[in-house]
Structure formats: C-alpha cells, structure tokens
>>> print(open('final06.cif').read())   # mmCIF, C-alpha atoms
data_structure
#
loop_
_atom_site.label_atom_id
_atom_site.label_comp_id
_atom_site.auth_asym_id
_atom_site.auth_seq_id
_atom_site.Cartn_x
_atom_site.Cartn_y
_atom_site.Cartn_z
CA MET A 1 119.93 106.45 98.39
CA ILE A 2 119.15 102.73 98.20
CA LYS A 3 117.71 101.26 101.39
CA THR A 4 116.14 97.98 100.25
CA VAL A 5 116.79 95.31 97.64
CA LEU A 6 113.68 93.60 96.29
CA PHE A 7 114.25 90.08 94.98
CA ASP A 8 112.07 87.90 92.83
CA LEU A 9 112.17 84.29 94.03
CA ASP A 10 111.72 81.63 91.33
CA GLY A 11 114.55 81.90 88.83
CA THR A 12 116.26 84.68 90.79
CA LEU A 13 116.99 83.83 94.42
CA LEU A 14 116.16 80.22 93.57
CA PRO A 15 117.37 79.13 90.12
CA MET A 16 115.03 76.67 88.43
CA ASP A 17 113.43 75.56 85.21
CA THR A 18 110.12 77.30 85.83
CA GLU A 19 108.21 75.24 83.27
CA ALA A 20 109.40 71.92 84.72
CA PHE A 21 108.72 73.12 88.26
CA THR A 22 105.19 74.23 87.41
CA LYS A 23 104.39 70.99 85.59
CA GLN A 24 105.51 68.91 88.56
CA TYR A 25 103.68 71.20 90.99
CA PHE A 26 100.37 70.53 89.26
CA LYS A 27 101.14 66.80 89.10
CA LEU A 28 101.89 66.52 92.82
CA LEU A 29 99.00 68.72 93.92
CA ALA A 30 96.48 66.89 91.73
CA ALA A 31 97.65 63.50 93.03
CA ASP A 32 97.43 64.67 96.64
CA ILE A 33 94.01 66.33 96.38
CA ALA A 34 92.33 63.70 94.16
CA GLN A 35 91.32 61.71 97.26
CA TYR A 36 88.96 64.55 98.24
CA GLY A 37 86.91 64.27 95.06
CA TYR A 38 88.81 66.54 92.67
CA GLU A 39 89.43 65.05 89.23
CA PRO A 40 93.00 66.04 88.29
CA LYS A 41 92.29 67.77 84.97
CA ALA A 42 89.34 69.70 86.42
CA LEU A 43 91.40 70.61 89.48
CA ILE A 44 94.18 72.10 87.38
CA GLY A 45 91.62 74.02 85.34
CA GLY A 46 90.10 75.41 88.52
CA ILE A 47 93.49 76.43 89.86
CA LEU A 48 94.31 78.22 86.61
CA LYS A 49 91.03 80.13 86.88
CA GLY A 50 92.02 81.07 90.42
CA ILE A 51 95.41 82.29 89.27
CA ASP A 52 93.76 84.35 86.54
CA ALA A 53 91.53 85.91 89.19
CA MET A 54 94.56 86.86 91.30
CA VAL A 55 96.38 88.38 88.33
CA ALA A 56 93.24 90.41 87.54
CA ASN A 57 92.74 91.45 91.17
CA ASP A 58 92.03 95.18 91.44
CA GLY A 59 92.98 95.51 95.09
CA LYS A 60 89.49 95.24 96.58
CA LYS A 61 90.25 91.85 98.14
CA THR A 62 93.28 89.78 99.02
CA ASN A 63 94.66 87.45 96.39
CA SER A 64 93.64 84.58 98.65
CA ASP A 65 90.01 85.69 98.57
CA ALA A 66 90.19 86.22 94.80
CA PHE A 67 91.57 82.72 94.31
CA TRP A 68 89.06 80.87 96.47
CA GLN A 69 86.11 82.78 95.08
CA ALA A 70 87.12 81.82 91.53
CA PHE A 71 87.90 78.25 92.55
CA SER A 72 84.58 77.88 94.35
CA ALA A 73 82.78 79.08 91.21
CA VAL A 74 84.07 75.90 89.57
CA PHE A 75 83.61 73.38 92.37
CA GLY A 76 81.05 74.95 94.68
CA GLU A 77 81.16 76.11 98.27
CA LYS A 78 82.58 72.75 99.41
CA VAL A 79 86.03 74.06 98.54
CA TYR A 80 86.09 76.17 101.69
CA ASP A 81 85.80 73.04 103.81
CA ASP A 82 88.69 71.53 101.85
CA ILE A 83 91.14 74.39 102.36
CA PRO A 84 92.86 72.48 105.23
CA HIS A 85 93.65 69.69 102.75
CA PHE A 86 95.34 72.15 100.43
CA ASP A 87 97.21 73.63 103.41
CA SER A 88 98.38 70.11 104.30
CA PHE A 89 99.82 69.69 100.82
CA TYR A 90 101.91 72.84 101.25
CA ARG A 91 103.14 71.59 104.63
CA MET A 92 104.20 68.19 103.29
CA GLY A 93 103.72 67.36 99.61
CA PHE A 94 105.15 70.67 98.36
CA ASP A 95 108.61 69.54 99.50
CA GLY A 96 108.59 67.07 96.61
CA LEU A 97 109.38 70.02 94.35
CA ARG A 98 112.69 70.83 95.99
CA GLY A 99 114.59 68.63 93.56
CA TYR A 100 113.39 70.79 90.67
CA CYS A 101 115.33 73.77 92.05
CA LYS A 102 119.05 74.42 91.70
CA PRO A 103 120.18 76.63 94.60
CA ASN A 104 123.09 78.94 93.88
CA PRO A 105 125.54 78.83 96.82
CA GLU A 106 126.56 82.40 96.02
CA ILE A 107 123.09 83.75 96.83
CA PRO A 108 123.44 83.46 100.65
CA LYS A 109 126.82 85.19 100.37
CA LEU A 110 125.25 88.01 98.38
CA ALA A 111 122.50 88.34 100.98
CA GLU A 112 125.12 88.62 103.72
CA TYR A 113 126.91 91.33 101.76
CA ILE A 114 123.68 93.30 101.38
CA LYS A 115 122.96 93.05 105.10
CA SER A 116 126.55 94.03 105.93
CA ARG A 117 125.95 97.29 104.09
CA GLY A 118 122.98 98.01 106.33
CA LEU A 119 120.39 97.42 103.61
CA ARG A 120 117.07 95.65 103.99
CA MET A 121 115.76 92.89 101.74
CA ALA A 122 112.30 91.85 100.60
CA VAL A 123 111.05 88.93 98.53
CA ALA A 124 108.93 90.38 95.73
CA THR A 125 107.69 87.10 94.30
CA ASN A 126 104.34 86.88 92.58
CA PRO A 127 101.87 86.32 95.45
CA VAL A 128 99.91 83.43 93.98
CA PHE A 129 101.04 80.95 96.66
CA PRO A 130 100.34 80.87 100.40
CA MET A 131 103.04 82.16 102.73
CA LEU A 132 104.12 78.65 103.71
CA ALA A 133 105.03 77.83 100.10
CA GLN A 134 106.87 81.14 99.70
CA GLN A 135 108.86 80.59 102.89
CA LYS A 136 109.79 77.04 101.91
CA ARG A 137 111.23 78.19 98.59
CA VAL A 138 113.21 80.89 100.39
CA LYS A 139 114.69 78.14 102.59
CA TRP A 140 115.47 76.00 99.54
CA ALA A 141 117.52 78.95 98.27
CA GLY A 142 119.67 78.67 101.41
CA LEU A 143 118.14 81.70 103.12
CA ALA A 144 116.04 82.25 106.23
CA PRO A 145 112.62 83.90 105.87
CA ASP A 146 113.36 86.21 108.79
CA GLU A 147 116.24 87.75 106.80
CA PHE A 148 113.58 89.59 104.81
CA ASP A 149 111.44 92.50 105.93
CA LEU A 150 108.65 91.31 103.65
CA ILE A 151 107.74 88.21 101.67
CA THR A 152 104.71 88.71 99.46
CA ALA A 153 102.11 85.92 99.61
CA TYR A 154 98.50 85.53 98.58
CA GLU A 155 97.12 85.99 102.09
CA GLN A 156 98.32 89.61 102.41
CA SER A 157 98.71 90.87 98.85
CA HIS A 158 96.04 92.56 96.75
CA TYR A 159 97.72 92.59 93.35
CA CYS A 160 100.04 90.48 91.18
CA LYS A 161 102.81 91.19 88.74
CA PRO A 162 102.87 92.68 86.15
CA ASN A 163 100.44 95.18 87.68
CA PRO A 164 102.58 98.12 88.86
CA ALA A 165 100.20 98.43 91.83
CA TYR A 166 101.83 95.26 93.19
CA PHE A 167 105.06 97.20 93.65
CA THR A 168 103.25 100.26 94.95
CA GLU A 169 101.76 98.08 97.69
CA ILE A 170 105.23 96.85 98.61
CA LEU A 171 106.51 100.41 98.91
CA GLN A 172 103.57 101.28 101.15
CA LYS A 173 104.20 98.31 103.42
CA LEU A 174 107.92 99.04 103.68
CA ARG A 175 107.35 102.80 103.92
CA LEU A 176 109.78 103.49 101.12
CA ARG A 177 110.00 105.67 98.04
CA ALA A 178 110.63 104.08 94.66
CA ASP A 179 114.10 105.60 94.44
CA GLU A 180 115.04 103.90 97.72
CA CYS A 181 114.73 100.40 96.18
CA VAL A 182 116.12 98.26 93.41
CA MET A 183 114.28 95.26 91.97
CA ILE A 184 116.11 92.08 90.94
CA GLY A 185 114.19 89.63 88.77
CA ASN A 186 114.37 87.27 85.80
CA ASP A 187 110.99 87.82 84.12
CA ILE A 188 111.09 90.68 81.64
CA VAL A 189 107.34 91.33 81.67
CA GLU A 190 106.63 90.83 85.35
CA ASP A 191 109.70 92.31 86.98
CA THR A 192 110.12 95.39 84.80
CA ALA A 193 106.70 96.49 86.06
CA ALA A 194 108.72 97.86 89.00
CA ASP A 195 110.42 100.26 86.62
CA LYS A 196 107.04 101.73 85.68
CA ILE A 197 106.73 103.25 89.16
CA GLY A 198 110.36 104.36 89.32
CA ILE A 199 112.09 101.36 90.90
CA LYS A 200 115.42 100.69 89.18
CA THR A 201 115.38 97.15 87.84
CA PHE A 202 118.04 94.54 87.12
CA ILE A 203 117.16 91.54 84.92
CA LEU A 204 119.03 88.37 85.87
CA THR A 205 119.55 86.38 82.69
CA ASP A 206 120.63 83.06 84.22
CA CYS A 207 117.02 81.78 84.21
CA LEU A 208 115.58 84.41 81.91
CA ILE A 209 111.85 84.38 81.14
CA ASP A 210 111.23 86.32 77.93
CA ARG A 211 107.84 85.43 76.46
CA ASN A 212 107.85 88.25 73.90
CA ASN A 213 111.47 88.34 72.74
CA ALA A 214 111.76 91.76 74.35
CA ASP A 215 114.66 94.17 74.19
CA ILE A 216 116.22 94.31 77.66
CA THR A 217 118.96 96.78 76.85
CA ALA A 218 116.97 99.53 78.56
CA TYR A 219 117.53 97.74 81.88
CA ALA A 220 120.61 96.73 83.80
CA HIS A 221 121.00 93.02 83.09
CA GLY A 222 123.35 90.07 83.02
CA GLY A 223 124.32 86.92 84.88
CA PHE A 224 125.19 86.50 88.53
CA ILE A 225 128.58 88.20 88.19
CA GLU A 226 126.94 91.29 86.71
CA LEU A 227 124.22 91.14 89.38
CA LYS A 228 126.80 91.21 92.15
CA ALA A 229 128.58 94.14 90.53
CA PHE A 230 125.25 95.96 90.13
CA ILE A 231 124.37 95.54 93.81
CA GLU A 232 127.86 96.57 94.93
CA SER A 233 127.56 99.67 92.78
CA GLU A 234 124.13 100.54 94.15
CA CYS A 235 125.27 99.95 97.71
CA SER A 236 128.11 102.41 97.20
CA ARG A 237 125.90 105.28 96.08
#
>>> encode(input="final06.cif", output="structure tokens")
Amino acid sequence: MIKTVLFDLDGTLLPMDTEAFTKQYFKLLAADIAQYGYEPKALIGGILKGIDAMVANDGKKTNSDAFWQAFSAVFGEKVYDDIPHFDSFYRMGFDGLRGYCKPNPEIPKLAEYIKSRGLRMAVATNPVFPMLAQQKRVKWAGLAPDEFDLITAYEQSHYCKPNPAYFTEILQKLRLRADECVMIGNDIVEDTAADKIGIKTFILTDCLIDRNNADITAYAHGGFIELKAFIESECSR
C-alpha cells in the first residue's frame, strides 16, 4: 500500500530548462561572490569539484562537509570564513533564478489531491544545494515546504542520485518500506535509481533529461496527464 509520494524538484515539481537554469545560476553566483576574491572561472571550477565530491560521497559525511572539503582543497581554509557570503547569496541573489522556472499551476492541485487521500509527500531532489535553496524552489513551484515530510538538502544528506543509497536513506528517515513509496522524476539516470531498491518509478517526460538515449518503456512514464492518472491509480490501490 502506497503511503508516500516522492517528488524530484527541478523539471518535475518545478518545470524548467535545466541547462539554462544551471548556466544562469553559475553566472549569478560568480558575480555575487567575486567581491570576496574568487575569480569567476576558478570559482565555478571549485564548485564543480565540490559537486563531484557530493556525488561520490560514500555516506561517511554529510554532502555539505564533502562539498566544503573539496572546495577548500582548491581555495584553502579561507573558504570556511566565507560560508556566510555564500549563504547570503542563497537568501537574496538566488531569487534571480526564479524567472528561469515555469511553474505548472496543476502541480499544487495534484499535491492537494495526494494529501486528500491521506498520503504523505517528500521532495527527493538531488541534495547538492543548501536547504534554503531547496525550499525556495519548492515555493516557486507554488507549494509550501511544510507540505512535505522531508526535503533533501546537502546539510542532512549523505548521498546523491544516482546512488541507490540516497533513496535508502530517505526510506530510513521516513520509516518506510520501498513498496510503500512511488518516485516521480524526470531524469532517467538519477530518478530510476529508486527502482533499484524497489521503489516504483514514474518518469515525467515534460522536461525529460535523457543523457544516454535510454529506453524508458520499462518504467511508467508520460506527460502531466499520465502522471495524474498514475498517482490516482496508485492512490486507489
């Protein structure tokens, strides 16, 4: 019996052109942080190294610790004194990315339907951002962070997609079995990692990310209409 719906964020709850969003994110962050002595190109390179460290995280540390350790290996221990400047960007400058998202007005209605059926929801977005950035994007989607039992962020996660251990950690936190959840996402590689531990997965094709031209016929998939029908079907089981 399904108890919880896990949602990816970017491209799922919040439709967007991920490539354009990411490009503008780096542009805004680099411009904001340059005043603290970080050359833009080097800064972006350091951030990418930090992201790689989070994706490779084996669970022995939080993703936040993995990121800052890798970032400090590039720029030195001074980065720890500059963390408040990065936090300030997420409080203010990050909002400049809102225009690169295209909220679907049907998403809040779908969330209300899920809650009306007594089901819980969680945001299973790749935890490479701090919680503040995750919560802001949830709000941009027209939803309230407190509607979700869990939002994964780099401060409290120890793995990243597509590591199946990322989803195992979610199950542990929510005290659920794999067969008590469904995962909704748009990235074939990252989000089907849930299926590897027994979580039924739906691939939303509206903002599909398919780096390897994969065959998705093994998974439930389709646009928003098919997604709604899938959730209604699962809720009725």
>>> resolve_selection(input="final06.cif", expression="the PyMOL selection byres ((chain A and resi 154) around 10)", output="list in words")
Met54, Thr62, Asn63, Ser64, Asp65, Ala66, Phe67, Asn126, Pro127, Val128, Phe129, Pro130, Met131, Gln134, Thr152, Ala153, Glu155, Gln156, Ser157, His158, Tyr159 and Cys160 of chain A
>>> closest_residue(input="final06.cif", among="A:Phe21, A:Gly93, A:Ala70, A:Arg175", to="Gly45 (chain A)", atoms="all atoms listed in the file")
A:Ala70
>>> closest_residue(input="final06.cif", among="A:Met92, A:Leu110, A:Ala165, A:Ala73", to="Asp58 (chain A)", atoms="all atoms listed in the file")
A:Ala165
>>> resolve_selection(input="final06.cif", expression="the PyMOL selection byres ((chain A and resi 223) around 9)", output="count of residues only")
12
>>> residues_around(input="final06.cif", residues="Leu171 (chain A)", least_positions_apart="5", cutoff="12 Å", atoms="only C-alpha atoms", output="list of chain:residue names")
A:Lys3, A:Thr4, A:Val5, A:Leu6, A:Ala122, A:Ala124, A:Asp149, A:Leu150, A:Thr152, A:Pro164, A:Ala165, A:Tyr166, A:Leu176, A:Arg177, A:Ala178, A:Asp179, A:Glu180, A:Cys181, A:Val182, A:Met183, A:Ala194, A:Ile197, A:Gly198, A:Ile199
>>> residues_around(input="final06.cif", residues="region 78-91 of chain A", least_positions_apart="4", cutoff="9 Å", atoms="all atoms listed in the file", output="ChimeraX atom specification")
/A:28-29,32-33,36,68,71-72,95,130,132-133,136
>>> decode(input="final06.cif", residues="region 113-139 of chain A", atoms="N, CA, C and O atoms", output="JSON list (two decimals), in the first residue's frame")
[["chain", "number", "residue", "atom", "x", "y", "z"],
["A", 113, "TYR", "N", -4.63, 16.88, -4.02],
["A", 113, "TYR", "CA", -5.28, 15.58, -4.22],
["A", 113, "TYR", "C", -4.56, 14.50, -3.43],
["A", 113, "TYR", "O", -5.20, 13.68, -2.76],
["A", 114, "ILE", "N", -3.24, 14.51, -3.50],
["A", 114, "ILE", "CA", -2.45, 13.50, -2.78],
["A", 114, "ILE", "C", -2.71, 13.58, -1.28],
["A", 114, "ILE", "O", -2.93, 12.56, -0.62],
["A", 115, "LYS", "N", -2.71, 14.80, -0.76],
["A", 115, "LYS", "CA", -2.96, 14.98, 0.68],
["A", 115, "LYS", "C", -4.38, 14.58, 1.04],
["A", 115, "LYS", "O", -4.61, 14.02, 2.14],
["A", 116, "SER", "N", -5.33, 14.83, 0.13],
["A", 116, "SER", "CA", -6.74, 14.47, 0.41],
["A", 116, "SER", "C", -6.93, 12.97, 0.52],
["A", 116, "SER", "O", -7.88, 12.51, 1.16],
["A", 117, "ARG", "N", -6.01, 12.21, -0.07],
["A", 117, "ARG", "CA", -6.07, 10.76, 0.02],
["A", 117, "ARG", "C", -5.31, 10.23, 1.22],
["A", 117, "ARG", "O", -5.15, 9.02, 1.39],
["A", 118, "GLY", "N", -4.83, 11.14, 2.06],
["A", 118, "GLY", "CA", -4.15, 10.74, 3.28],
["A", 118, "GLY", "C", -2.71, 10.32, 3.08],
["A", 118, "GLY", "O", -2.11, 9.70, 3.97],
["A", 119, "LEU", "N", -2.13, 10.66, 1.92],
["A", 119, "LEU", "CA", -0.75, 10.28, 1.64],
["A", 119, "LEU", "C", 0.21, 11.40, 2.04],
["A", 119, "LEU", "O", -0.16, 12.57, 2.08],
["A", 120, "ARG", "N", 1.43, 11.01, 2.31],
["A", 120, "ARG", "CA", 2.49, 11.96, 2.63],
["A", 120, "ARG", "C", 3.28, 12.26, 1.35],
["A", 120, "ARG", "O", 3.22, 11.52, 0.38],
["A", 121, "MET", "N", 4.04, 13.36, 1.40],
["A", 121, "MET", "CA", 4.88, 13.74, 0.27],
["A", 121, "MET", "C", 6.28, 14.08, 0.77],
["A", 121, "MET", "O", 6.46, 14.55, 1.89],
["A", 122, "ALA", "N", 7.25, 13.83, -0.09],
["A", 122, "ALA", "CA", 8.63, 14.20, 0.19],
["A", 122, "ALA", "C", 9.27, 14.73, -1.08],
["A", 122, "ALA", "O", 8.91, 14.29, -2.19],
["A", 123, "VAL", "N", 10.19, 15.67, -0.93],
["A", 123, "VAL", "CA", 10.93, 16.19, -2.07],
["A", 123, "VAL", "C", 12.26, 15.45, -2.14],
["A", 123, "VAL", "O", 13.14, 15.64, -1.30],
["A", 124, "ALA", "N", 12.38, 14.59, -3.15],
["A", 124, "ALA", "CA", 13.60, 13.80, -3.33],
["A", 124, "ALA", "C", 14.43, 14.42, -4.45],
["A", 124, "ALA", "O", 14.62, 13.83, -5.52],
["A", 125, "THR", "N", 14.89, 15.64, -4.19],
["A", 125, "THR", "CA", 15.73, 16.35, -5.15],
["A", 125, "THR", "C", 17.20, 16.13, -4.80],
["A", 125, "THR", "O", 17.52, 15.93, -3.63],
["A", 126, "ASN", "N", 18.05, 16.12, -5.80],
["A", 126, "ASN", "CA", 19.45, 15.84, -5.52],
["A", 126, "ASN", "C", 19.98, 16.85, -4.50],
["A", 126, "ASN", "O", 19.89, 18.06, -4.71],
["A", 127, "PRO", "N", 20.52, 16.38, -3.38],
["A", 127, "PRO", "CA", 20.89, 17.27, -2.28],
["A", 127, "PRO", "C", 22.27, 17.91, -2.46],
["A", 127, "PRO", "O", 23.19, 17.68, -1.68],
["A", 128, "VAL", "N", 22.39, 18.71, -3.51],
["A", 128, "VAL", "CA", 23.65, 19.42, -3.76],
["A", 128, "VAL", "C", 23.52, 20.90, -3.44],
["A", 128, "VAL", "O", 24.48, 21.66, -3.62],
["A", 129, "PHE", "N", 22.34, 21.32, -2.98],
["A", 129, "PHE", "CA", 22.09, 22.70, -2.57],
["A", 129, "PHE", "C", 21.77, 22.74, -1.07],
["A", 129, "PHE", "O", 21.28, 21.75, -0.51],
["A", 130, "PRO", "N", 21.98, 23.89, -0.44],
["A", 130, "PRO", "CA", 21.53, 24.03, 0.95],
["A", 130, "PRO", "C", 20.02, 24.05, 1.03],
["A", 130, "PRO", "O", 19.32, 24.30, 0.04],
["A", 131, "MET", "N", 19.50, 23.79, 2.22],
["A", 131, "MET", "CA", 18.06, 23.71, 2.42],
["A", 131, "MET", "C", 17.33, 24.97, 1.96],
["A", 131, "MET", "O", 16.24, 24.90, 1.38],
["A", 132, "LEU", "N", 17.93, 26.13, 2.20],
["A", 132, "LEU", "CA", 17.27, 27.38, 1.81],
["A", 132, "LEU", "C", 16.98, 27.40, 0.32],
["A", 132, "LEU", "O", 15.89, 27.81, -0.11],
["A", 133, "ALA", "N", 17.93, 26.96, -0.50],
["A", 133, "ALA", "CA", 17.73, 26.94, -1.95],
["A", 133, "ALA", "C", 16.67, 25.91, -2.34],
["A", 133, "ALA", "O", 15.86, 26.15, -3.25],
["A", 134, "GLN", "N", 16.65, 24.77, -1.65],
["A", 134, "GLN", "CA", 15.64, 23.76, -1.94],
["A", 134, "GLN", "C", 14.24, 24.29, -1.60],
["A", 134, "GLN", "O", 13.30, 24.13, -2.38],
["A", 135, "GLN", "N", 14.12, 24.92, -0.44],
["A", 135, "GLN", "CA", 12.82, 25.44, -0.02],
["A", 135, "GLN", "C", 12.32, 26.55, -0.95],
["A", 135, "GLN", "O", 11.13, 26.63, -1.24],
["A", 136, "LYS", "N", 13.23, 27.38, -1.42],
["A", 136, "LYS", "CA", 12.82, 28.47, -2.32],
["A", 136, "LYS", "C", 12.24, 27.90, -3.60],
["A", 136, "LYS", "O", 11.21, 28.37, -4.10],
["A", 137, "ARG", "N", 12.88, 26.87, -4.15],
["A", 137, "ARG", "CA", 12.39, 26.30, -5.40],
["A", 137, "ARG", "C", 11.05, 25.60, -5.19],
["A", 137, "ARG", "O", 10.20, 25.60, -6.08],
["A", 138, "VAL", "N", 10.85, 25.01, -4.02],
["A", 138, "VAL", "CA", 9.54, 24.45, -3.70],
["A", 138, "VAL", "C", 8.48, 25.56, -3.73],
["A", 138, "VAL", "O", 7.39, 25.38, -4.30],
["A", 139, "LYS", "N", 8.80, 26.70, -3.16],
["A", 139, "LYS", "CA", 7.86, 27.83, -3.15],
["A", 139, "LYS", "C", 7.61, 28.35, -4.55],
["A", 139, "LYS", "O", 6.47, 28.71, -4.90]]
